[in-house]
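upload.pdb follows (PDB, C-alpha atoms, pLDDT in the B column):
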```pdb
MODEL        1
ATOM      1  CA  MET P   1       0.000   0.000   0.000  1.00 70.00           C
ATOM      2  CA  GLU P   2       1.212   3.472  -0.818  1.00 81.00           C
ATOM      3  CA  ILE P   3       0.260   6.706   0.899  1.00 83.00           C
ATOM      4  CA  VAL P   4      -0.156   9.496  -1.619  1.00 82.00           C
ATOM      5  CA  HIS P   5       0.498  13.013  -0.408  1.00 84.00           C
ATOM      6  CA  PRO P   6      -1.091  16.007  -2.113  1.00 84.00           C
ATOM      7  CA  THR P   7       1.077  17.728  -4.675  1.00 92.00           C
ATOM      8  CA  GLN P   8       0.793  21.310  -5.836  1.00 95.00           C
ATOM      9  CA  GLU P   9      -1.157  19.983  -8.827  1.00 96.00           C
ATOM     10  CA  THR P  10      -3.578  18.149  -6.519  1.00 95.00           C
ATOM     11  CA  GLN P  11      -4.061  21.285  -4.442  1.00 96.00           C
ATOM     12  CA  LYS P  12      -4.706  23.391  -7.571  1.00 97.00           C
ATOM     13  CA  TRP P  13      -7.288  20.884  -8.767  1.00 97.00           C
ATOM     14  CA  ALA P  14      -8.939  20.879  -5.338  1.00 97.00           C
ATOM     15  CA  VAL P  15      -9.342  24.665  -5.415  1.00 97.00           C
ATOM     16  CA  GLN P  16     -10.750  24.529  -8.952  1.00 97.00           C
ATOM     17  CA  ILE P  17     -13.130  21.647  -8.221  1.00 97.00           C
ATOM     18  CA  GLU P  18     -14.411  23.334  -5.069  1.00 97.00           C
ATOM     19  CA  GLU P  19     -15.100  26.497  -7.065  1.00 97.00           C
ATOM     20  CA  TRP P  20     -16.943  24.606  -9.793  1.00 97.00           C
ATOM     21  CA  ALA P  21     -18.890  22.251  -7.540  1.00 96.00           C
ATOM     22  CA  ASN P  22     -19.943  24.796  -4.974  1.00 96.00           C
ATOM     23  CA  HIS P  23     -20.942  27.342  -7.619  1.00 97.00           C
ATOM     24  CA  SER P  24     -22.980  24.982  -9.783  1.00 97.00           C
ATOM     25  CA  PHE P  25     -26.358  25.363  -8.088  1.00 97.00           C
ATOM     26  CA  PHE P  26     -28.068  28.366  -6.556  1.00 96.00           C
ATOM     27  CA  ILE P  27     -31.072  29.297  -4.449  1.00 94.00           C
ATOM     28  CA  GLY P  28     -31.754  32.778  -5.724  1.00 93.00           C
ATOM     29  CA  LYS P  29     -28.277  34.270  -6.071  1.00 93.00           C
ATOM     30  CA  LYS P  30     -26.781  32.252  -3.214  1.00 96.00           C
ATOM     31  CA  PRO P  31     -24.511  29.376  -4.296  1.00 96.00           C
ATOM     32  CA  LEU P  32     -25.052  26.025  -2.612  1.00 95.00           C
ATOM     33  CA  ALA P  33     -22.027  24.322  -1.105  1.00 95.00           C
ATOM     34  CA  ILE P  34     -22.805  20.763  -2.158  1.00 95.00           C
ATOM     35  CA  LEU P  35     -19.415  19.041  -1.828  1.00 95.00           C
ATOM     36  CA  GLN P  36     -17.161  18.715   1.179  1.00 94.00           C
ATOM     37  CA  ALA P  37     -13.383  18.523   1.382  1.00 94.00           C
ATOM     38  CA  GLY P  38     -13.158  14.712   1.272  1.00 92.00           C
ATOM     39  CA  GLU P  39     -14.988  14.380  -2.028  1.00 94.00           C
ATOM     40  CA  ILE P  40     -13.192  17.382  -3.505  1.00 96.00           C
ATOM     41  CA  GLU P  41      -9.798  15.984  -2.531  1.00 94.00           C
ATOM     42  CA  THR P  42     -10.681  12.567  -3.958  1.00 94.00           C
ATOM     43  CA  MET P  43     -11.672  14.172  -7.251  1.00 96.00           C
ATOM     44  CA  ALA P  44      -8.493  16.288  -7.270  1.00 96.00           C
ATOM     45  CA  LEU P  45      -6.326  13.258  -6.601  1.00 95.00           C
ATOM     46  CA  TYR P  46      -8.060  11.363  -9.413  1.00 95.00           C
ATOM     47  CA  LEU P  47      -7.195  14.167 -11.848  1.00 96.00           C
ATOM     48  CA  SER P  48      -3.642  14.732 -10.655  1.00 95.00           C
ATOM     49  CA  LEU P  49      -2.828  11.007 -10.762  1.00 93.00           C
ATOM     50  CA  ARG P  50      -4.618  10.623 -14.102  1.00 93.00           C
ATOM     51  CA  ALA P  51      -6.280   7.592 -12.542  1.00 92.00           C
ATOM     52  CA  ASP P  52      -8.619   5.189 -14.291  1.00 91.00           C
ATOM     53  CA  ALA P  53     -11.201   5.069 -11.500  1.00 93.00           C
ATOM     54  CA  MET P  54     -12.177   6.576  -8.184  1.00 93.00           C
ATOM     55  CA  ALA P  55     -14.193   5.227  -5.271  1.00 92.00           C
ATOM     56  CA  ILE P  56     -16.831   7.611  -3.944  1.00 91.00           C
ATOM     57  CA  ASP P  57     -19.903   6.666  -1.926  1.00 89.00           C
ATOM     58  CA  GLU P  58     -21.348  10.190  -1.721  1.00 88.00           C
ATOM     59  CA  ARG P  59     -24.424  10.360  -3.984  1.00 89.00           C
ATOM     60  CA  THR P  60     -24.284  14.144  -4.450  1.00 92.00           C
ATOM     61  CA  CYS P  61     -20.730  13.966  -5.770  1.00 93.00           C
ATOM     62  CA  ARG P  62     -21.490  11.143  -8.184  1.00 91.00           C
ATOM     63  CA  MET P  63     -24.680  12.812  -9.409  1.00 92.00           C
ATOM     64  CA  LEU P  64     -22.851  16.084 -10.018  1.00 94.00           C
ATOM     65  CA  MET P  65     -20.476  14.279 -12.374  1.00 92.00           C
ATOM     66  CA  GLU P  66     -22.997  11.899 -13.936  1.00 90.00           C
ATOM     67  CA  GLU P  67     -26.510  13.390 -13.700  1.00 92.00           C
ATOM     68  CA  PRO P  68     -26.468  17.097 -12.801  1.00 94.00           C
ATOM     69  CA  LEU P  69     -30.068  17.733 -13.922  1.00 94.00           C
ATOM     70  CA  ARG P  70     -31.312  14.948 -11.678  1.00 93.00           C
ATOM     71  CA  LEU P  71     -29.200  16.384  -8.850  1.00 94.00           C
ATOM     72  CA  GLN P  72     -30.734  19.821  -9.429  1.00 95.00           C
ATOM     73  CA  ASN P  73     -34.215  18.299  -9.122  1.00 94.00           C
ATOM     74  CA  HIS P  74     -33.198  16.340  -6.017  1.00 93.00           C
ATOM     75  CA  ILE P  75     -31.819  19.451  -4.303  1.00 94.00           C
ATOM     76  CA  GLY P  76     -34.947  21.405  -5.254  1.00 93.00           C
ATOM     77  CA  SER P  77     -37.132  18.737  -3.649  1.00 93.00           C
ATOM     78  CA  LYS P  78     -34.925  18.618  -0.561  1.00 89.00           C
ATOM     79  CA  TYR P  79     -35.070  22.379   0.019  1.00 88.00           C
ATOM     80  CA  ASP P  80     -38.540  22.840  -1.493  1.00 92.00           C
ATOM     81  CA  LYS P  81     -37.085  25.764  -3.459  1.00 91.00           C
ATOM     82  CA  LYS P  82     -36.395  26.622  -7.071  1.00 94.00           C
ATOM     83  CA  ILE P  83     -32.803  25.688  -7.795  1.00 95.00           C
ATOM     84  CA  THR P  84     -30.965  27.221 -10.721  1.00 96.00           C
ATOM     85  CA  ALA P  85     -27.844  25.795 -12.296  1.00 96.00           C
ATOM     86  CA  ASP P  86     -24.848  27.366 -13.970  1.00 97.00           C
ATOM     87  CA  GLN P  87     -24.644  25.027 -16.967  1.00 96.00           C
ATOM     88  CA  ALA P  88     -21.290  26.418 -18.105  1.00 97.00           C
ATOM     89  CA  VAL P  89     -19.682  25.637 -14.748  1.00 97.00           C
ATOM     90  CA  ILE P  90     -21.249  22.180 -14.644  1.00 96.00           C
ATOM     91  CA  ALA P  91     -19.986  21.493 -18.179  1.00 96.00           C
ATOM     92  CA  LYS P  92     -16.421  22.377 -17.128  1.00 96.00           C
ATOM     93  CA  LEU P  93     -16.598  19.985 -14.210  1.00 95.00           C
ATOM     94  CA  GLN P  94     -18.213  17.214 -16.241  1.00 94.00           C
ATOM     95  CA  ASN P  95     -15.601  17.598 -18.960  1.00 95.00           C
ATOM     96  CA  GLN P  96     -12.854  16.759 -16.466  1.00 95.00           C
ATOM     97  CA  PHE P  97     -14.653  13.594 -15.315  1.00 94.00           C
ATOM     98  CA  LYS P  98     -16.321  12.400 -18.529  1.00 91.00           C
ATOM     99  CA  SER P  99     -14.220   9.230 -18.710  1.00 90.00           C
ATOM    100  CA  ALA P 100     -14.081   8.559 -14.972  1.00 92.00           C
ATOM    101  CA  LEU P 101     -15.093   5.151 -13.725  1.00 93.00           C
ATOM    102  CA  ILE P 102     -16.803   5.886 -10.421  1.00 92.00           C
ATOM    103  CA  VAL P 103     -17.314   2.983  -8.044  1.00 93.00           C
ATOM    104  CA  ARG P 104     -18.904   2.771  -4.620  1.00 92.00           C
ATOM    105  CA  SER P 105     -17.865   0.620  -1.688  1.00 92.00           C
ATOM    106  CA  CYS P 106     -20.885  -1.615  -2.384  1.00 93.00           C
ATOM    107  CA  ASP P 107     -19.600  -2.202  -5.949  1.00 92.00           C
ATOM    108  CA  LEU P 108     -16.166  -3.115  -4.598  1.00 91.00           C
ATOM    109  CA  LEU P 109     -17.693  -5.395  -1.971  1.00 91.00           C
ATOM    110  CA  ALA P 110     -19.923  -7.219  -4.478  1.00 90.00           C
ATOM    111  CA  TRP P 111     -17.107  -7.607  -7.007  1.00 90.00           C
ATOM    112  CA  THR P 112     -14.673  -8.889  -4.389  1.00 89.00           C
ATOM    113  CA  TYR P 113     -17.281 -11.323  -3.062  1.00 88.00           C
ATOM    114  CA  SER P 114     -18.196 -12.584  -6.560  1.00 86.00           C
ATOM    115  CA  HIS P 115     -14.521 -13.342  -7.219  1.00 86.00           C
ATOM    116  CA  GLY P 116     -14.129 -15.264  -3.951  1.00 85.00           C
ATOM    117  CA  LEU P 117     -11.477 -12.897  -2.642  1.00 85.00           C
ATOM    118  CA  PHE P 118     -12.705 -12.769   0.954  1.00 81.00           C
ATOM    119  CA  GLY P 119     -11.754 -16.367   1.726  1.00 75.00           C
ATOM    120  CA  TYR P 120     -12.743 -17.183   5.282  1.00 75.00           C
ATOM    121  CA  GLU P 121     -13.636 -13.547   6.174  1.00 77.00           C
ATOM    122  CA  LEU P 122     -16.978 -13.670   4.361  1.00 76.00           C
ATOM    123  CA  ALA P 123     -18.940 -16.877   3.881  1.00 76.00           C
ATOM    124  CA  GLN P 124     -19.816 -17.520   0.240  1.00 79.00           C
ATOM    125  CA  ASN P 125     -23.595 -17.389   0.434  1.00 82.00           C
ATOM    126  CA  PRO P 126     -26.105 -14.775  -0.737  1.00 85.00           C
ATOM    127  CA  ALA P 127     -27.338 -13.961   2.776  1.00 88.00           C
ATOM    128  CA  THR P 128     -23.824 -12.995   3.863  1.00 87.00           C
ATOM    129  CA  LEU P 129     -23.354 -10.728   0.856  1.00 88.00           C
ATOM    130  CA  GLU P 130     -26.764  -9.149   1.401  1.00 92.00           C
ATOM    131  CA  ALA P 131     -25.979  -8.452   5.075  1.00 92.00           C
ATOM    132  CA  SER P 132     -22.607  -6.981   4.119  1.00 91.00           C
ATOM    133  CA  LEU P 133     -24.163  -4.726   1.477  1.00 93.00           C
ATOM    134  CA  PHE P 134     -26.777  -3.473   3.925  1.00 94.00           C
ATOM    135  CA  ALA P 135     -23.941  -2.825   6.404  1.00 94.00           C
ATOM    136  CA  VAL P 136     -22.152  -0.519   3.937  1.00 92.00           C
ATOM    137  CA  LYS P 137     -25.493   1.135   3.171  1.00 92.00           C
ATOM    138  CA  THR P 138     -25.972   1.811   6.880  1.00 91.00           C
ATOM    139  CA  ALA P 139     -22.415   3.139   7.077  1.00 90.00           C
ATOM    140  CA  GLY P 140     -23.160   5.774   4.422  1.00 86.00           C
ATOM    141  CA  CYS P 141     -22.835   4.211   0.991  1.00 89.00           C
ATOM    142  CA  ALA P 142     -25.560   5.586  -1.273  1.00 87.00           C
ATOM    143  CA  VAL P 143     -27.063   2.307  -2.469  1.00 90.00           C
ATOM    144  CA  SER P 144     -30.750   1.464  -2.676  1.00 91.00           C
ATOM    145  CA  SER P 145     -32.332  -1.672  -1.291  1.00 91.00           C
ATOM    146  CA  GLN P 146     -33.289  -2.586  -4.875  1.00 93.00           C
ATOM    147  CA  GLU P 147     -29.663  -2.294  -5.994  1.00 92.00           C
ATOM    148  CA  ILE P 148     -28.656  -4.634  -3.177  1.00 93.00           C
ATOM    149  CA  LEU P 149     -31.237  -7.176  -4.318  1.00 92.00           C
ATOM    150  CA  ASP P 150     -29.956  -6.780  -7.885  1.00 91.00           C
ATOM    151  CA  TYR P 151     -26.431  -7.653  -6.722  1.00 89.00           C
ATOM    152  CA  ILE P 152     -27.792 -10.829  -5.110  1.00 89.00           C
ATOM    153  CA  VAL P 153     -29.777 -11.824  -8.225  1.00 88.00           C
ATOM    154  CA  ARG P 154     -26.688 -11.397 -10.430  1.00 85.00           C
ATOM    155  CA  LEU P 155     -24.607 -13.780  -8.326  1.00 77.00           C
ATOM    156  CA  PRO P 156     -23.294 -16.716 -10.366  1.00 70.00           C
ATOM    157  CA  LYS P 157     -25.241 -19.895  -9.736  1.00 64.00           C
ATOM    158  CA  ASN P 158     -23.100 -22.741  -8.389  1.00 56.00           C
TER     159      ASN P 158
ENDMDL
END
```

Give the structure from this file in C-alpha cells form.
Amino acid sequence: MEIVHPTQETQKWAVQIEEWANHSFFIGKKPLAILQAGEIETMALYLSLRADAMAIDERTCRMLMEEPLRLQNHIGSKYDKKITADQAVIAKLQNQFKSALIVRSCDLLAWTYSHGLFGYELAQNPATLEASLFAVKTAGCAVSSQEILDYIVRLPKN
C-alpha cells in the first residue's frame, strides 16, 4: 500500500473543483455548497494522478459528475425551493470527469465477493453478501435496497 500526499497539482485541482462544484447550483443568487473537502480531494487526486477510477460513496458527488439535472431536481425537492444551475460551470466539471469510472464501496464489496477474494472472512452465500451490502449502506454508501437485491440476483449460480 502506498500513501499518496497532495502535490501542488492536486491542491490546484482541489481549489478549482471546489469552485466549480460549490458554484454549480443556486437558491436565488446564493450558491449552494454541495461538496465537502473529502470528495473534492478525492476528485483532485483522481485528476492529478490521471487515474482510471475513483471510489466515492457520496451520492451528491457522483450525481454532479454523472446526472447534474437529476441532482438539481433532487436538491430542489430537498429544500422545497427553485434551484438554478450554472450550466457552463457544470460542463467544465463534467468535462474533467467524462471518462471517470466511479465505483462505490458496495460495488467493490460485491465484485470482491463474486470473485471469492474474501476467503474465510466472508462466507460464500447470498445472505452474507446481502448483510454486508446493507452494512455498507448503513455506514453511508448511497445504495438502494433494490440495488442490493440486484447484486444478489446477479450472483453466479453454483

Report task. Measure the distance from CA of Ser145 in chain P to CA of Met65 in chain P in Å and round it to one decimal. Result ->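 Straight-line distance from CA of Ser145 in chain P to CA of Met65 in chain P works out to 22.8 Å.
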
**Report entry** Result set, the PyMOL selection byres ((chain P and resi 28-42) around 8) on current file, as a list in words
**Finding:** Thr10, Ala14, Ile17, Glu18, Ala21, Asn22, His23, Ser24, Phe25, Phe26, Ile27, Met43, Ala44, Leu45, Tyr46, Met54, Ile56, Glu58, Thr60, Cys61, Lys82, Ile83 and Thr84 of chain P

Requested in this report: Let me know the residues the PyMOL selection byres ((chain P and resi 63) around 12) catches in the file above, as a list in words.
Outcome: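 Selected by the PyMOL selection byres ((chain P and resi 63) around 12) here: Ala21, Ile34, Leu35, Ile56, Asp57, Glu58, Arg59, Thr60, Cys61, Arg62, Leu64, Met65, Glu66, Glu67, Pro68, Leu69, Arg70, Leu71, Gln72, Asn73, His74, Ile75, Ile90, Leu93, Gln94, Phe97, Ile102 and Ala142 of chain P.
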
Query raised in the report: So what does the PyMOL selection byres ((chain P and resi 106-122) around 10) actually pick up in this one, as a PyMOL selection string?
Result: chain P and resi 55+57+102-105+123-126+128-130+132-137+141-143+147-148+151-152+154-156

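Between CA of Ala88 in chain P and CA of Glu9 in chain P the separation is 23.1 Å.
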
**Report entry** Two-atom distance - CA of Asp52 in chain P, CA of Ala85 in chain P (Å)
**Finding:**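 These atoms are spaced 28.3 Å apart.
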
Taking all atoms of range 44-55 of chain P that appear in the file, build a box with edges along x, y and z, extend it by 3 Å on every side, and state its centre and edge lengths in Å to one decimal, as JSON.
```
{"center_x": -8.5, "center_y": 10.7, "center_z": -9.8, "size_x": 17.4, "size_y": 17.2, "size_z": 15.0}
```

Query - Pick from P:Gln87, P:Gln96, P:Thr138, P:Gln11 nearest to Arg50 in chain P, counting only C-alpha atoms - result: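 Answer, going by the shortest atom-to-atom distance: P:Gln96.
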